[in-house]
Amino acid sequence: MAKANFEVPQLQQYAEVPAIEPGTMSHSKPFVAKPEHQEPLGFPGELVENWQEKALEKMGDLLQRYRSLRVYLDACVKCGSCTDKCHYYLGTRDPKNMPVARQDLMRKVYRRYFTLAGKYFPKLVGAEDFTKEVLDEWYSYYHQCSQCRRCSVFCPYGIDTAEISMAAREIMDHIGIGQKYCNEIIGKVYKIGNNLGLPGPALADTLEGLEEDVFDDTGVRVRYPLDQEGAEILLVTPSADFFAEPHVDGLIGYGKVFHEAGVSWTLSSYASEAANFGMFIGSYENMRRVAQRIRKAAIDLKVKRIVFGECGHAWRVAYSFLNTLAGPWDFLDPRYPVPQHICEFTYELIQQGKLRFDKSQNDDKVLTFHDSCNVARASRMGSWPGGQFDIPRAVIKAVCNHFYDMDEETIRERTFCCGGGGGLLTDDLMELRVKGAKPRVEALNNVMREKKVTHMAAICAICKSQFTKVLPYYGMEMDQIVSVHQLVSNAIILTGQRTEDEAA
Amino acid sequence: MSFLTVVYAFLFYVAAAVLLAGLAIKIAQYVRTPAPLKIPTTPAPVTQSGVVFRLAREVVFFESLFKGNKWIWIFGWMFHFGLFLVTLRHLRYFMDPVWLPIELVQPFGIYGGIAMVVGLAGLWARRFLVDRVRYVTNKSDHLILALLVAIGLSGLGMKFLFHVDVVSVKDFFLGLLRFQVQPLPADPLLLLHLLLVAILMIVFPFSKLLHAPGLFFSPTRNQVDNPREQRHIADWAKRLEQQE
Ligand code: HEM
Ligand code: HEM
Ligand code: SF4
Ligand code: SF4
């Protein structure tokens, strides 16, 4: 069990809503970005002198550019439906982690400066001056929201707290107090091409190593190409896929699927990152700049299709925003949606009977599936609403004999966040991450006991990293979290593959 | 013409003007503000008619609230449905002759009035009993509930205890519609009812009552899920592209 210098929540059999306990997480705040993290993104290096004026100016600007912000700040009736829906509230009991209370941190400022009621009757409507204390609260609690949108499912007006915390982070960036983790990473993408700062030659090495591993394993020469001009498909995948477990097993799986499909494909060293942290900090300009790299790679490599690897928020940006940010994609093959998810790609081949599997290769596992928030509530796969739930499950069931879902209240569009999304996957927020994982781990724990589940599959780099780190705090094993295409990789029978006996 | 009549006539003209102008300005603001990104809460409809159907379910059944919390849903729906029936029943003060459907709904309107008050009482109780809801409640939230309960009770009081001359009330309001001021009966309960209604009309565009128009402009609910098929781009974002 991992050691913690805070209290790890007790798992319960029946999820219960805790009583509020004000202030339990008011100490939580991520490291503040240094000038060298701020400036490459176009933000001031440190808190500007007239910060209040600048912040209100930015808020006014966002209110005119984002209908969501304007409507959501006006419309909330404080009904309470969202109050018990956030995993951070459930895990920390801090009432400021209730979605509506999180919104209120901005709403009280909005009301004070942008509405008649708040200008003349601030006490009545809960309006407050934008003081340094309020700003500190913003920094703390807008970095306790993983932008998972679970609250928006249950709000009668669809109020999406993620929109509010993105706007808050954008405002804070513009007055010079950004979050180190996100802004440093975006800087790395600009400078090197991916979040982890892996340069091209290191990628080439890694991919070569994978080819050898797969050859040793199967006797088949599966290729993992980089910067191959004229390939049909550009694969854009989170950089964690290049080396960390269990991510890399997923990448091995994608390669095997492409190999069996008989299509040529390539990775790009220029756009070697599917993640787009511009979304987490609510910066349209930075999100666009990161997304444009994919357009450039697609043009330079003359590909016809774009496929995304397993990553949750990347798939949101890809599915929902890429056409907006970096489209139109009229130079690609119009027969395929742009972009496609690797699960869609694999699913289609399975439907056509083009892949052969030996499901028994996964018989050492009993699986469940974690719906990642951004895939579940902010995007889609396939042509029907809810395809994002059906397709990954269909892929898993095609390659595994034993699969059980977790409690209905905790999957599909009601899925609980892993606790590390939205730019919070950093060690300086460990307490928040462990506590925020509680509702998901609780549901996992229940199927582990009732159905003897051993592993949980996911299609998101952040979820995988988060669980790898957090499960040990709850007395579970870090390798209980697996990639969906890792399972595919285990079971797929490559054409001409050595049989077990030959290998032995 | 009594002084009271003139005051109330003036009050209702002002209230109506504030309500209509306030709502018009707010709605114009919502219409003009773009939604630069596709953010429907998925699974979402993939066609425009699907979106209309989704919004209709939200307005009529409070679908998302139903998923979220059954108690709020029961009381909230009772209140709003009651309010809806009451509103229909009240239309008789503003038309002559009265349409048949409005005629038919009259008896139900009374149950609506009762349902409305009971629903409000339940919603109000939650604001005291549930610690999470208490935490997010402002004074204004109590005041709006108080206002609506007072309107409901004063209305029911007229119906069941102190009857008023509803024909004269109707003449007064029909007169206002034609810009002629007719005498208003001076029953205290009626004057209270009407004063509170005027206050409600005035606060509407400045308060959380904007949830009613707001729902229709909520991008998580009113967008079609088709970002791969159709490029969605806001004017200000297009300008970013042209700068290059
Ligand atoms: C399109 C029309 C409307 C829709 C869809 C709608 C929907 C809702 C919903 C879902 C709630 C939250 C649940 C609840 O607390 O009842 C709510 C609350 C509320 N609505 Fe409406 N509403 C509409 C029109 C109105 C109107 C015209 C009024 C005003 C007289 C009103 C007054 C209220 C009040 C005061 C609350 C808060 C109740 C509380 O404090 O808990 N609504 N509305
Ligand atoms: C200008 C607008 C209004 C006028 C002239 C008006 C007038 C009246 C009158 C004369 C009655 C007594 C009916 C009777 O004795 O049969 C009444 C009842 C009532 N009013 Fe209003 N009212 C108005 C607006 C409202 C509003 C906006 C609400 C709710 C928010 C409301 C809620 C009620 C209720 C619940 C009753 C009792 C049930 C019923 O008789 O329908 N009224 N109103
Ligand atoms: S978006 Fe997710 S993390 Fe943020 S307030 Fe809503 S439920 Fe909580
Ligand atoms: S569910 Fe929506 S309207 Fe209700 S309190 Fe939460 S944000 Fe406000």
# chains A, B, ... in the order shown; residues from 1 in each chain; ligands from 1
>>> residues_near_ligand(ligand="ligand 2", cutoff="9 Å", atoms="only C-alpha atoms and all ligand atoms", output="MDAnalysis selection string")
chainID B and resid 12 82:91 93:94 106:117 147:170 172:173 190 193:194 196:198 200:201
>>> residues_near_ligand(ligand="ligand 3", cutoff="7 Å", atoms="only C-alpha atoms and all ligand atoms", output="MDAnalysis selection string")
chainID A and resid 85:88 97:99 102 144:152 160:162
>>> select_by_dssp(residues="stretch 7-242 of chain A", states="alpha helix (DSSP H)", output="count of residues only")
119
>>> residues_near_ligand(ligand="ligand 4", cutoff="8 Å", atoms="only C-alpha atoms and all ligand atoms", output="MDAnalysis selection string")
(chainID A and resid 72 75:83 99:100 103 151:152 154:161) or (chainID B and resid 65 68 136)
>>> closest_residue(among="A:Thr131, A:Asn323, A:Gln10, A:Asn276", to="chain B", atoms="only C-alpha atoms")
A:Asn323
>>> residues_around(residues="A:Ala443", least_positions_apart="2", cutoff="12 Å", atoms="only C-alpha atoms", output="number ranges by chain")
A: 11-15, 368-370, 404-411, 415-418, 437-441, 445-451, 453, 456
>>> residues_around(residues="B:Ile74", least_positions_apart="2", cutoff="10 Å", atoms="only C-alpha atoms", output="ChimeraX atom specification")
/B:62,65-66,69-72,76-79,119,122-123
>>> write_last_selection(atoms="C-alpha atoms", output="short mmCIF file (atom, residue, chain, number, x, y, z; two decimals), in the first residue's frame")
data_model
loop_
_atom_site.label_atom_id
_atom_site.label_comp_id
_atom_site.auth_asym_id
_atom_site.auth_seq_id
_atom_site.Cartn_x
_atom_site.Cartn_y
_atom_site.Cartn_z
CA PHE B 62 -37.24 18.12 -16.53
CA LEU B 65 -33.31 16.81 -13.10
CA PHE B 66 -35.16 13.51 -12.99
CA ASN B 69 -32.58 14.01 -7.86
CA LYS B 70 -36.07 12.59 -7.45
CA TRP B 71 -37.15 14.83 -4.55
CA ILE B 72 -36.26 18.07 -6.28
CA GLY B 76 -40.08 21.20 -8.83
CA TRP B 77 -42.30 19.58 -11.39
CA MET B 78 -45.37 19.99 -9.17
CA PHE B 79 -44.61 23.67 -8.77
CA GLY B 119 -44.35 22.18 -4.57
CA GLY B 122 -41.21 21.21 -0.60
CA LEU B 123 -38.50 23.09 -2.47
#
>>> residues_around(residues="A:Gly187", least_positions_apart="5", cutoff="12 Å", atoms="only C-alpha atoms", output="list of chain:residue names")
A:Ala33, A:Lys34, A:Pro35, A:Glu36, A:His37, A:Gln38, A:Glu39, A:Pro40, A:Leu41, A:Gly42, A:Phe43, A:Lys180, A:Tyr181, A:Cys182, A:Ile192, A:Gly193, A:Asn194, A:Asn195, A:Leu196, A:Gly197, A:Asn276, A:Phe277, A:Gly278, A:Asn286, A:Met287, A:Arg289, A:Val290
>>> interface_residues(of="chain B", to="chain A", cutoff="8 Å", atoms="only C-alpha atoms", output="ChimeraX atom specification")
/B:30,33-46,58,62-69,72,131-133,135-141,206-212,214-215,217-221,227-233,236
>>> atom_distance(atom1="atom CA of A:Ala244", atom2="atom CA of A:Glu431")
22.7 Å
>>> closest_residue(among="B:Phe128, B:Phe75, B:Trp99, B:Phe81", to="ligand 1", atoms="only C-alpha atoms and all ligand atoms")
B:Phe75
>>> atom_distance(atom1="atom CA of B:Trp124", atom2="atom CA of B:Lys26")
27.3 Å
>>> closest_residue(among="B:Leu19, B:Thr5, B:Leu11, B:Val60", to="B:Val203", atoms="only C-alpha atoms")
B:Leu19
